[in-house]
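As provided, model31.pdb (PDB, C-alpha atoms) reads as follows.
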MODEL        1
ATOM      1  CA  MET A 781     -80.598   9.800 -31.154
ATOM      2  CA  ARG A 782     -82.773  12.505 -32.667
ATOM      3  CA  VAL A 783     -83.376  15.749 -30.770
ATOM      4  CA  PHE A 784     -85.841  18.554 -31.509
ATOM      5  CA  LEU A 785     -85.301  21.971 -29.889
ATOM      6  CA  THR A 786     -87.634  24.933 -29.745
ATOM      7  CA  GLY A 787     -85.915  28.218 -29.019
ATOM      8  CA  GLY A 788     -82.977  26.552 -30.695
ATOM      9  CA  THR A 789     -81.352  29.771 -31.887
ATOM     10  CA  GLY A 790     -81.143  31.313 -28.409
ATOM     11  CA  PHE A 791     -78.175  31.327 -26.053
ATOM     12  CA  VAL A 792     -78.898  28.117 -24.156
ATOM     13  CA  GLY A 793     -80.313  26.358 -27.198
ATOM     14  CA  LEU A 794     -77.138  26.903 -29.212
ATOM     15  CA  ALA A 795     -74.943  25.764 -26.331
ATOM     16  CA  MET A 796     -77.029  22.589 -25.994
ATOM     17  CA  ILE A 797     -76.891  21.923 -29.727
ATOM     18  CA  ALA A 798     -73.101  22.043 -29.640
ATOM     19  CA  ARG A 799     -73.063  19.556 -26.760
ATOM     20  CA  PHE A 800     -75.637  17.251 -28.383
ATOM     21  CA  LEU A 801     -73.573  17.212 -31.570
ATOM     22  CA  GLU A 802     -70.533  16.173 -29.535
ATOM     23  CA  GLN A 803     -72.668  13.251 -28.305
ATOM     24  CA  GLY A 804     -73.411  12.216 -31.893
ATOM     25  CA  ALA A 805     -77.051  13.301 -31.907
ATOM     26  CA  GLU A 806     -79.028  14.453 -34.929
ATOM     27  CA  VAL A 807     -80.524  17.834 -34.082
ATOM     28  CA  MET A 808     -83.430  19.864 -35.439
ATOM     29  CA  ALA A 809     -83.455  23.389 -33.999
ATOM     30  CA  THR A 810     -86.399  25.721 -34.473
ATOM     31  CA  ALA A 811     -87.247  29.318 -33.665
ATOM     32  CA  GLU A 812     -89.421  32.137 -34.973
ATOM     33  CA  ALA A 813     -86.588  33.346 -37.206
ATOM     34  CA  PRO A 814     -83.474  31.804 -38.784
ATOM     35  CA  PRO A 815     -80.286  31.644 -36.700
ATOM     36  CA  PRO A 816     -77.462  34.170 -37.054
ATOM     37  CA  ASP A 817     -75.011  33.324 -39.830
ATOM     38  CA  TRP A 818     -72.155  32.970 -37.345
ATOM     39  CA  ALA A 819     -74.063  30.259 -35.462
ATOM     40  CA  VAL A 820     -74.659  28.273 -38.644
ATOM     41  CA  ARG A 821     -70.968  28.462 -39.512
ATOM     42  CA  ALA A 822     -69.865  27.522 -35.995
ATOM     43  CA  LEU A 823     -72.142  24.476 -35.685
ATOM     44  CA  GLY A 824     -71.526  23.121 -39.163
ATOM     45  CA  ASP A 825     -73.626  20.506 -40.947
ATOM     46  CA  GLY A 826     -74.680  18.455 -37.918
ATOM     47  CA  VAL A 827     -77.784  20.499 -37.193
ATOM     48  CA  ARG A 828     -80.835  21.369 -39.239
ATOM     49  CA  PHE A 829     -82.558  24.697 -38.588
ATOM     50  CA  GLY A 830     -86.229  25.455 -39.172
ATOM     51  CA  VAL A 831     -88.632  28.334 -38.594
ATOM     52  CA  VAL A 832     -91.451  27.382 -36.206
ATOM     53  CA  ASP A 833     -93.589  29.590 -33.970
ATOM     54  CA  VAL A 834     -94.772  27.586 -30.951
ATOM     55  CA  ARG A 835     -98.042  29.544 -31.063
ATOM     56  CA  ASP A 836     -98.736  27.918 -34.450
ATOM     57  CA  ARG A 837     -99.879  24.514 -33.239
ATOM     58  CA  ALA A 838    -100.286  23.045 -36.724
ATOM     59  CA  GLY A 839     -96.844  24.183 -37.868
ATOM     60  CA  PHE A 840     -95.249  22.992 -34.624
ATOM     61  CA  ARG A 841     -96.950  19.611 -34.971
ATOM     62  CA  ALA A 842     -95.889  19.184 -38.597
ATOM     63  CA  ALA A 843     -92.229  19.920 -37.857
ATOM     64  CA  LEU A 844     -92.205  17.603 -34.840
ATOM     65  CA  ALA A 845     -93.932  14.793 -36.743
ATOM     66  CA  GLU A 846     -91.459  15.072 -39.604
ATOM     67  CA  TRP A 847     -88.392  14.881 -37.335
ATOM     68  CA  GLN A 848     -89.736  12.098 -35.068
ATOM     69  CA  PRO A 849     -87.375  12.885 -32.186
ATOM     70  CA  HIS A 850     -86.500  10.787 -29.178
ATOM     71  CA  ILE A 851     -86.200  13.966 -27.081
ATOM     72  CA  LEU A 852     -88.013  17.306 -27.298
ATOM     73  CA  VAL A 853     -86.213  20.225 -25.656
ATOM     74  CA  HIS A 854     -88.664  23.079 -25.249
ATOM     75  CA  GLY A 855     -86.728  26.289 -24.715
ATOM     76  CA  ALA A 856     -88.794  28.856 -26.635
ATOM     77  CA  ALA A 857     -89.561  31.772 -24.323
ATOM     78  CA  LEU A 858     -89.833  35.517 -23.932
ATOM     79  CA  THR A 859     -87.691  37.036 -21.173
ATOM     80  CA  PRO A 860     -89.100  40.563 -20.833
ATOM     81  CA  ASP A 861     -87.543  43.232 -18.676
ATOM     82  CA  GLU A 862     -89.607  45.712 -16.651
ATOM     83  CA  ALA A 863     -89.768  48.191 -19.527
ATOM     84  CA  ARG A 864     -91.352  45.571 -21.754
ATOM     85  CA  GLU A 865     -93.775  44.609 -18.985
ATOM     86  CA  ARG A 866     -94.908  48.237 -18.784
ATOM     87  CA  ALA A 867     -95.185  48.554 -22.559
ATOM     88  CA  GLY A 868     -98.042  46.070 -22.789
ATOM     89  CA  GLY A 869     -98.379  42.787 -24.597
ATOM     90  CA  ALA A 870     -98.393  40.705 -21.425
ATOM     91  CA  ALA A 871    -100.613  38.154 -23.132
ATOM     92  CA  ASP A 872     -97.785  37.382 -25.575
ATOM     93  CA  ILE A 873     -95.503  36.456 -22.674
ATOM     94  CA  PHE A 874     -97.980  33.908 -21.351
ATOM     95  CA  GLU A 875     -98.983  32.672 -24.801
ATOM     96  CA  ILE A 876     -95.384  31.751 -25.592
ATOM     97  CA  ASN A 877     -94.079  30.808 -22.146
ATOM     98  CA  VAL A 878     -97.096  28.945 -20.729
ATOM     99  CA  ALA A 879     -99.425  28.018 -23.586
ATOM    100  CA  GLY A 880     -96.432  27.137 -25.770
ATOM    101  CA  THR A 881     -95.231  24.747 -23.078
ATOM    102  CA  ALA A 882     -98.663  23.120 -22.841
ATOM    103  CA  THR A 883     -98.676  22.665 -26.604
ATOM    104  CA  ALA A 884     -95.216  21.084 -26.530
ATOM    105  CA  ILE A 885     -96.209  18.456 -23.945
ATOM    106  CA  GLU A 886     -99.524  17.667 -25.643
ATOM    107  CA  LEU A 887     -97.857  17.277 -29.042
ATOM    108  CA  ALA A 888     -95.176  15.049 -27.538
ATOM    109  CA  ALA A 889     -97.917  12.842 -26.116
ATOM    110  CA  THR A 890     -99.844  12.764 -29.386
ATOM    111  CA  LEU A 891     -96.790  11.989 -31.517
ATOM    112  CA  GLY A 892     -95.181   9.496 -29.152
ATOM    113  CA  VAL A 893     -92.160  11.556 -28.077
ATOM    114  CA  PRO A 894     -91.216   9.855 -24.797
ATOM    115  CA  ARG A 895     -89.008  12.523 -23.235
ATOM    116  CA  VAL A 896     -89.406  16.311 -22.875
ATOM    117  CA  MET A 897     -87.179  18.889 -21.244
ATOM    118  CA  ALA A 898     -89.331  21.988 -20.674
ATOM    119  CA  PHE A 899     -87.280  24.898 -19.396
ATOM    120  CA  SER A 900     -88.192  26.597 -16.164
ATOM    121  CA  SER A 901     -85.864  29.238 -14.693
ATOM    122  CA  GLY A 902     -84.104  30.192 -11.495
ATOM    123  CA  ALA A 903     -86.235  33.331 -11.745
ATOM    124  CA  ALA A 904     -89.157  31.204 -10.539
ATOM    125  CA  TYR A 905     -87.851  31.584  -6.970
ATOM    126  CA  GLY A 906     -88.770  35.273  -7.227
ATOM    127  CA  ARG A 907     -88.677  37.313  -4.008
ATOM    128  CA  THR A 908     -87.163  34.341  -2.193
ATOM    129  CA  LEU A 909     -83.854  35.151  -3.915
ATOM    130  CA  ALA A 910     -83.339  37.960  -1.398
ATOM    131  CA  ASP A 911     -84.458  35.972   1.637
ATOM    132  CA  THR A 912     -82.398  32.784   1.611
ATOM    133  CA  ASP A 913     -78.757  31.714   1.643
ATOM    134  CA  VAL A 914     -79.158  28.831  -0.792
ATOM    135  CA  LEU A 915     -81.787  27.764  -3.318
ATOM    136  CA  ASP A 916     -83.140  24.249  -2.919
ATOM    137  CA  GLU A 917     -85.650  23.057  -5.516
ATOM    138  CA  VAL A 918     -87.438  20.879  -2.936
ATOM    139  CA  GLU A 919     -87.365  23.069   0.185
ATOM    140  CA  THR A 920     -87.212  26.680  -1.067
ATOM    141  CA  GLU A 921     -90.531  28.453  -1.574
ATOM    142  CA  CYS A 922     -91.132  30.116  -4.944
ATOM    143  CA  ARG A 923     -92.526  33.664  -4.761
ATOM    144  CA  PRO A 924     -92.303  34.980  -8.331
ATOM    145  CA  ALA A 925     -92.872  38.698  -8.843
ATOM    146  CA  THR A 926     -92.114  39.585 -12.479
ATOM    147  CA  LEU A 927     -94.261  38.440 -15.374
ATOM    148  CA  TYR A 928     -91.374  36.344 -16.650
ATOM    149  CA  ALA A 929     -90.910  34.590 -13.298
ATOM    150  CA  ILE A 930     -94.655  34.033 -12.891
ATOM    151  CA  SER A 931     -94.902  32.596 -16.388
ATOM    152  CA  LYS A 932     -91.942  30.248 -15.900
ATOM    153  CA  LEU A 933     -93.256  28.824 -12.635
ATOM    154  CA  ALA A 934     -96.667  28.356 -14.248
ATOM    155  CA  ALA A 935     -95.095  26.696 -17.296
ATOM    156  CA  GLU A 936     -93.090  24.369 -15.068
ATOM    157  CA  ARG A 937     -96.187  23.193 -13.242
ATOM    158  CA  VAL A 938     -98.243  22.890 -16.420
ATOM    159  CA  ALA A 939     -95.513  20.768 -18.023
ATOM    160  CA  LEU A 940     -95.288  18.390 -15.079
ATOM    161  CA  ARG A 941     -99.063  18.052 -14.776
ATOM    162  CA  LEU A 942     -99.534  17.311 -18.471
ATOM    163  CA  GLY A 943     -96.610  14.908 -18.445
ATOM    164  CA  ASP A 944     -98.245  12.954 -15.629
ATOM    165  CA  LEU A 945    -101.613  12.979 -17.398
ATOM    166  CA  HIS A 946    -100.264  11.795 -20.746
ATOM    167  CA  GLY A 947     -97.435   9.488 -19.710
ATOM    168  CA  VAL A 948     -94.621  11.720 -20.986
ATOM    169  CA  SER A 949     -91.387  11.843 -18.984
ATOM    170  CA  VAL A 950     -90.818  15.543 -18.225
ATOM    171  CA  VAL A 951     -87.865  17.318 -16.638
ATOM    172  CA  THR A 952     -88.011  21.053 -15.864
ATOM    173  CA  PRO A 953     -84.580  22.587 -15.163
ATOM    174  CA  ARG A 954     -84.368  25.863 -13.261
ATOM    175  CA  LEU A 955     -81.348  27.302 -15.030
ATOM    176  CA  SER A 956     -79.731  30.313 -13.377
ATOM    177  CA  ALA A 957     -76.945  32.799 -14.145
ATOM    178  CA  ALA A 958     -75.421  31.169 -17.223
ATOM    179  CA  TRP A 959     -72.788  33.049 -19.212
ATOM    180  CA  GLY A 960     -70.133  32.357 -21.844
ATOM    181  CA  PRO A 961     -69.944  31.133 -25.456
ATOM    182  CA  TRP A 962     -73.097  31.261 -27.596
ATOM    183  CA  GLU A 963     -74.649  34.186 -25.709
ATOM    184  CA  TYR A 964     -75.756  37.141 -27.793
ATOM    185  CA  ALA A 965     -78.343  39.911 -27.510
ATOM    186  CA  THR A 966     -81.787  39.204 -28.993
ATOM    187  CA  THR A 967     -85.208  40.857 -28.855
ATOM    188  CA  HIS A 968     -86.633  37.810 -27.054
ATOM    189  CA  ARG A 969     -83.941  37.771 -24.359
ATOM    190  CA  GLN A 970     -83.796  41.349 -23.139
ATOM    191  CA  THR A 971     -81.630  40.783 -20.071
ATOM    192  CA  PRO A 972     -78.220  39.406 -21.136
ATOM    193  CA  SER A 973     -76.002  38.107 -18.361
ATOM    194  CA  PRO A 974     -73.454  40.292 -16.559
ATOM    195  CA  GLY A 975     -70.810  38.084 -18.173
ATOM    196  CA  TRP A 976     -72.101  39.096 -21.611
ATOM    197  CA  HIS A 977     -72.074  42.788 -20.680
ATOM    198  CA  ILE A 978     -68.526  42.477 -19.335
ATOM    199  CA  THR A 979     -67.144  40.777 -22.442
ATOM    200  CA  ASP A 980     -69.125  43.081 -24.747
ATOM    201  CA  ALA A 981     -67.515  46.096 -23.069
ATOM    202  CA  ILE A 982     -64.086  44.506 -23.393
ATOM    203  CA  SER A 983     -64.693  43.806 -27.093
ATOM    204  CA  ALA A 984     -65.415  47.527 -27.553
ATOM    205  CA  GLY A 985     -62.189  48.520 -25.793
ATOM    206  CA  GLU A 986     -64.026  49.764 -22.708
ATOM    207  CA  ARG A 987     -63.496  48.970 -19.055
ATOM    208  CA  PRO A 988     -66.547  47.335 -17.420
ATOM    209  CA  THR A 989     -67.515  48.487 -13.929
ATOM    210  CA  VAL A 990     -69.799  46.679 -11.504
ATOM    211  CA  PRO A 991     -71.425  47.905  -8.264
ATOM    212  CA  ALA A 992     -69.189  47.165  -5.285
ATOM    213  CA  GLY A 993     -69.762  43.771  -3.752
ATOM    214  CA  ALA A 994     -71.955  42.436  -6.567
ATOM    215  CA  ALA A 995     -71.618  38.675  -6.861
ATOM    216  CA  LEU A 996     -73.575  35.940  -8.621
ATOM    217  CA  PRO A 997     -73.369  32.137  -8.768
ATOM    218  CA  LEU A 998     -72.333  32.152 -12.427
ATOM    219  CA  VAL A 999     -72.354  28.894 -14.372
ATOM    220  CA  PHE A1000     -70.270  28.641 -17.532
ATOM    221  CA  SER A1001     -72.450  27.978 -20.582
ATOM    222  CA  GLU A1002     -70.504  24.901 -21.684
ATOM    223  CA  ASP A1003     -70.853  23.416 -18.197
ATOM    224  CA  ALA A1004     -74.571  24.256 -18.130
ATOM    225  CA  ALA A1005     -75.085  22.651 -21.544
ATOM    226  CA  ASP A1006     -73.328  19.509 -20.339
ATOM    227  CA  MET A1007     -75.598  19.334 -17.268
ATOM    228  CA  LEU A1008     -78.710  19.895 -19.365
ATOM    229  CA  VAL A1009     -77.848  17.305 -22.000
ATOM    230  CA  ARG A1010     -77.028  14.734 -19.328
ATOM    231  CA  LEU A1011     -80.363  15.511 -17.634
ATOM    232  CA  CYS A1012     -82.113  14.852 -20.938
ATOM    233  CA  LEU A1013     -80.433  11.470 -21.163
ATOM    234  CA  SER A1014     -80.763  10.391 -17.522
ATOM    235  CA  ASP A1015     -83.344   7.763 -16.641
ATOM    236  CA  GLN A1016     -83.173   9.089 -13.057
ATOM    237  CA  ALA A1017     -84.256  12.624 -13.955
ATOM    238  CA  HIS A1018     -87.899  13.628 -13.631
ATOM    239  CA  GLY A1019     -89.384  16.863 -12.343
ATOM    240  CA  VAL A1020     -87.651  20.016 -11.141
ATOM    241  CA  PHE A1021     -83.852  20.373 -11.029
ATOM    242  CA  ASN A1022     -81.609  23.293 -10.183
ATOM    243  CA  VAL A1023     -79.019  23.826 -12.905
ATOM    244  CA  GLY A1024     -76.452  26.432 -11.970
ATOM    245  CA  SER A1025     -73.604  26.941  -9.551
ATOM    246  CA  ALA A1026     -73.018  26.469  -5.839
ATOM    247  CA  GLU A1027     -70.157  28.988  -5.919
ATOM    248  CA  MET A1028     -70.308  32.783  -5.979
ATOM    249  CA  VAL A1029     -68.287  34.871  -8.454
ATOM    250  CA  ASP A1030     -67.183  38.427  -7.679
ATOM    251  CA  LEU A1031     -68.340  40.345 -10.759
ATOM    252  CA  GLN A1032     -65.853  43.213 -10.506
ATOM    253  CA  GLY A1033     -63.088  40.645 -10.137
ATOM    254  CA  LEU A1034     -64.315  38.988 -13.338
ATOM    255  CA  ALA A1035     -64.461  42.372 -15.092
ATOM    256  CA  ASP A1036     -60.928  43.279 -13.982
ATOM    257  CA  ALA A1037     -59.604  39.893 -15.100
ATOM    258  CA  ALA A1038     -61.219  40.354 -18.508
ATOM    259  CA  ALA A1039     -59.736  43.845 -18.874
ATOM    260  CA  THR A1040     -56.288  42.553 -17.952
ATOM    261  CA  ALA A1041     -56.561  39.602 -20.345
ATOM    262  CA  LYS A1042     -57.346  41.911 -23.269
ATOM    263  CA  GLY A1043     -54.982  44.731 -22.280
ATOM    264  CA  ILE A1044     -57.656  47.343 -21.567
ATOM    265  CA  PRO A1045     -55.819  50.296 -19.931
ATOM    266  CA  PRO A1046     -56.936  51.661 -16.544
ATOM    267  CA  ASP A1047     -57.881  55.011 -18.094
ATOM    268  CA  ALA A1048     -60.128  53.488 -20.780
ATOM    269  CA  THR A1049     -63.728  54.610 -21.074
ATOM    270  CA  GLU A1050     -65.782  52.950 -18.368
ATOM    271  CA  ARG A1051     -69.002  51.086 -19.085
ATOM    272  CA  PRO A1052     -71.349  50.303 -16.179
ATOM    273  CA  VAL A1053     -72.578  46.699 -16.242
ATOM    274  CA  PRO A1054     -76.369  46.548 -15.701
ATOM    275  CA  LEU A1055     -77.569  43.918 -13.270
ATOM    276  CA  PHE A1056     -81.037  42.391 -13.562
ATOM    277  CA  VAL A1057     -80.690  41.529  -9.884
ATOM    278  CA  ALA A1058     -78.041  42.876  -7.514
ATOM    279  CA  GLY A1059     -77.353  39.363  -6.295
ATOM    280  CA  ARG A1060     -78.818  35.939  -5.823
ATOM    281  CA  PRO A1061     -77.815  32.994  -3.651
ATOM    282  CA  PRO A1062     -76.058  29.876  -4.907
ATOM    283  CA  MET A1063     -77.974  26.748  -5.804
ATOM    284  CA  ARG A1064     -78.000  23.454  -3.980
ATOM    285  CA  LEU A1065     -77.160  20.845  -6.618
ATOM    286  CA  ASP A1066     -77.458  17.576  -4.669
ATOM    287  CA  ARG A1067     -80.538  16.500  -6.606
ATOM    288  CA  LEU A1068     -78.764  17.205  -9.893
ATOM    289  CA  THR A1069     -75.640  15.240  -8.993
ATOM    290  CA  GLY A1070     -77.833  12.398  -7.785
ATOM    291  CA  ALA A1071     -79.378  12.167 -11.254
ATOM    292  CA  ILE A1072     -76.356  12.701 -13.500
ATOM    293  CA  GLY A1073     -73.257  12.208 -11.358
ATOM    294  CA  PRO A1074     -70.293  14.577 -10.864
ATOM    295  CA  LEU A1075     -70.740  17.997 -12.451
ATOM    296  CA  ARG A1076     -68.389  19.605 -14.931
ATOM    297  CA  ARG A1077     -66.965  22.819 -13.443
ATOM    298  CA  THR A1078     -64.679  25.033 -15.520
ATOM    299  CA  PRO A1079     -62.556  27.412 -13.390
ATOM    300  CA  VAL A1080     -63.662  31.034 -13.813
ATOM    301  CA  VAL A1081     -60.351  32.254 -15.255
ATOM    302  CA  GLU A1082     -60.352  29.454 -17.822
ATOM    303  CA  ALA A1083     -64.014  30.092 -18.640
ATOM    304  CA  LEU A1084     -63.246  33.773 -19.185
ATOM    305  CA  GLN A1085     -60.382  33.048 -21.566
ATOM    306  CA  ARG A1086     -62.463  30.529 -23.506
ATOM    307  CA  THR A1087     -65.261  33.069 -23.814
ATOM    308  CA  LEU A1088     -62.910  35.783 -25.079
ATOM    309  CA  ASP A1089     -61.352  33.326 -27.549
ATOM    310  CA  TRP A1090     -64.813  32.284 -28.719
ATOM    311  CA  LEU A1091     -65.853  35.906 -29.264
ATOM    312  CA  ALA A1092     -62.704  36.544 -31.260
ATOM    313  CA  GLY A1093     -63.435  33.490 -33.392
ATOM    314  CA  VAL A1094     -67.037  34.556 -34.056
ATOM    315  CA  ALA A1095     -65.842  38.011 -35.157
ATOM    316  CA  GLU A1096     -63.453  36.569 -37.754
TER     317      GLU A1096
ENDMDL
END
Render the structure in this file as structure tokens.
Amino acid sequence: MRVFLTGGTGFVGLAMIARFLEQGAEVMATAEAPPPDWAVRALGDGVRFGVVDVRDRAGFRAALAEWQPHILVHGAALTPDEARERAGGAADIFEINVAGTATAIELAATLGVPRVMAFSSGAAYGRTLADTDVLDEVETECRPATLYAISKLAAERVALRLGDLHGVSVVTPRLSAAWGPWEYATTHRQTPSPGWHITDAISAGERPTVPAGAALPLVFSEDAADMLVRLCLSDQAHGVFNVGSAEMVDLQGLADAAATAKGIPPDATERPVPLFVAGRPPMRLDRLTGAIGPLRRTPVVEALQRTLDWLAGVAE
């Protein structure tokens, strides 16, 4: 099995590569810039990295034609925060997130790639996040507000429409609240997860603090990668799928557990953990389990320890 990933040097892309390699796949991962050295060392020789900008249709086509994949995973995206929205360059967000998705589906059709995973996002639910107790990809209305959320919902619908037009099997996962190994800060992903901020503070010897009562349905990155890879491989998977967690995690509890695990004293310098959203509801995952079967769920305490161990290993 040959897999081609765009956005392959980002958080989710790297986690998926590791899982694909465990499945014995041959992987070509592309991005606008080479991957960090630590990622190359960690993944070993099973993956080939290349520099491809999805806005460069000719370059994208050439790389895809050379690799001749069975599956295209299109994860290249900008995830701007509000400051970047205000700074201008909105056209770049839509050129990469929406037009880049259209290009990916059209090239897959032209080159005979039968299967595409084009990433959407839990952000596509938008204002509905504050108005519902659970997110259902069939029943819950999407009311995106930010440019990122608007672009991801548009990209999702463009991907599915073009897939139907050109006979390409397309799945569009709405991934939400992932954290854990492979996450790192980049200029393209300006809103790292609370889990990343917590473990980054711990790595600096600081004590992370979270607003009282803040909770999110966190999904461990290795579990998310397993779900996503199985979605890629499932003959039953087409269209929109929630990929996340049905269980809420108390963020201050996670921060305190991390501080205890690494021996951070109570009087250590405090670091406030920024939250992109104060909270969001859990996801209904019935459609996902119907397509891929039982979901892998790593207990939070175990996920925390594995993340801290992974960070220590990367720093060596």
Let me make sure I understand: among A:Leu1008, A:Ala889, A:Ala995, A:Ala934, which one has the smallest atom-to-atom distance to A:Val951 if we use all atoms listed in the file?
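Distance minimum relative to A:Val951 lands on A:Leu1008.
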Which residues would end up in the selection if the PyMOL selection byres ((chain A and resi 882) around 10) were applied here, given that I need the answer as a VMD selection string?
chain A and resid 875 to 881 883 to 888 898 935 to 943
Include C-alpha atoms and write out the residues we just selected as a compact mmCIF listing (two decimals), in the frame of the given file.
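out.txt, freshly written:
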# COMPACT_ATOMS: atom_id res chain seq x y z
CA GLU A 875 -98.98 32.67 -24.80
CA ILE A 876 -95.38 31.75 -25.59
CA ASN A 877 -94.08 30.81 -22.15
CA VAL A 878 -97.10 28.94 -20.73
CA ALA A 879 -99.42 28.02 -23.59
CA GLY A 880 -96.43 27.14 -25.77
CA THR A 881 -95.23 24.75 -23.08
CA THR A 883 -98.68 22.66 -26.60
CA ALA A 884 -95.22 21.08 -26.53
CA ILE A 885 -96.21 18.46 -23.94
CA GLU A 886 -99.52 17.67 -25.64
CA LEU A 887 -97.86 17.28 -29.04
CA ALA A 888 -95.18 15.05 -27.54
CA ALA A 898 -89.33 21.99 -20.67
CA ALA A 935 -95.10 26.70 -17.30
CA GLU A 936 -93.09 24.37 -15.07
CA ARG A 937 -96.19 23.19 -13.24
CA VAL A 938 -98.24 22.89 -16.42
CA ALA A 939 -95.51 20.77 -18.02
CA LEU A 940 -95.29 18.39 -15.08
CA ARG A 941 -99.06 18.05 -14.78
CA LEU A 942 -99.53 17.31 -18.47
CA GLY A 943 -96.61 14.91 -18.44
Using the chain letters and numbers from the file, which residues does the PyMOL selection byres ((chain A and resi 856-867) around 7) grab, as an MDAnalysis selection string?
chainID A and resid 786:787 854:855 868:870 873 876:877 928 968:971
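In this model, the gap between atom CA of A:Ala1017 and atom CA of A:Ala1071 comes to 5.6 Å.
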Can you tell me, as an NGL selection string, which residues sit within 10 Å of (-81.3, 33.7, -36.5) in the file's frame, using only C-alpha atoms?
:A and (788-790 or 810-820 or 829-831 or 966)
When distances are computed from all atoms listed in the file, which of A:Val783, A:Leu1034, A:Val914, A:Ile1044 shows the smallest separation from A:Gln803?
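Closest to A:Gln803, using all atoms listed in the file: A:Val783.
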Edge lengths and centre in Å to one decimal, as lines of an AutoDock Vina configuration file, of the axis-aligned box that encloses all listed atoms of stretch 1052-1056 of chain A with 8 Å added on every side?
center_x = -76.2
center_y = 46.3
center_z = -14.8
size_x = 25.7
size_y = 23.9
size_z = 19.0
I'd like to see the residues matched by the PyMOL selection byres ((chain A and resi 1078-1092) around 10) on this file, and ideally I'd get them as a PyMOL selection string.
chain A and resi 959-963+975-976+979-980+982-983+998-1003+1029+1034-1035+1037-1038+1041-1042+1075-1077+1093-1096
Identify, on the basis of only C-alpha atoms, every residue whose closest approach to A:Phe800 does not exceed 10 Å; exclude the query and any residue fewer than 2 positions from it along the same chain; express the result as a PyMOL selection string.
chain A and resi 781-783+794-798+802-807+826-827+1005-1006+1008-1010
Can you take the partial stretch 835-847 of chain A, add N, CA and C atoms, and return it as a compact mmCIF listing (two decimals), keeping the file's coordinate frame?
# COMPACT_ATOMS: atom_id res chain seq x y z
N ARG A 835 -96.62 29.17 -31.12
CA ARG A 835 -98.04 29.54 -31.06
C ARG A 835 -98.82 28.97 -32.24
N ASP A 836 -98.11 28.53 -33.27
CA ASP A 836 -98.74 27.92 -34.45
C ASP A 836 -98.75 26.41 -34.23
N ARG A 837 -99.82 25.91 -33.63
CA ARG A 837 -99.88 24.51 -33.24
C ARG A 837 -99.71 23.58 -34.45
N ALA A 838 -100.36 23.91 -35.54
CA ALA A 838 -100.29 23.04 -36.72
C ALA A 838 -98.86 22.99 -37.28
N GLY A 839 -98.21 24.17 -37.36
CA GLY A 839 -96.84 24.18 -37.87
C GLY A 839 -95.88 23.47 -36.94
N PHE A 840 -96.07 23.67 -35.64
CA PHE A 840 -95.25 22.99 -34.62
C PHE A 840 -95.43 21.48 -34.74
N ARG A 841 -96.67 21.04 -34.86
CA ARG A 841 -96.95 19.61 -34.97
C ARG A 841 -96.31 19.01 -36.22
N ALA A 842 -96.43 19.70 -37.34
CA ALA A 842 -95.89 19.18 -38.60
C ALA A 842 -94.37 19.01 -38.52
N ALA A 843 -93.69 20.00 -37.96
CA ALA A 843 -92.23 19.92 -37.86
C ALA A 843 -91.81 18.79 -36.91
N LEU A 844 -92.52 18.65 -35.81
CA LEU A 844 -92.20 17.60 -34.84
C LEU A 844 -92.47 16.22 -35.43
N ALA A 845 -93.59 16.08 -36.13
CA ALA A 845 -93.93 14.79 -36.74
C ALA A 845 -92.92 14.40 -37.81
N GLU A 846 -92.44 15.38 -38.56
CA GLU A 846 -91.46 15.07 -39.60
C GLU A 846 -90.14 14.60 -39.01
N TRP A 847 -89.70 15.21 -37.91
CA TRP A 847 -88.39 14.88 -37.34
C TRP A 847 -88.43 13.60 -36.51
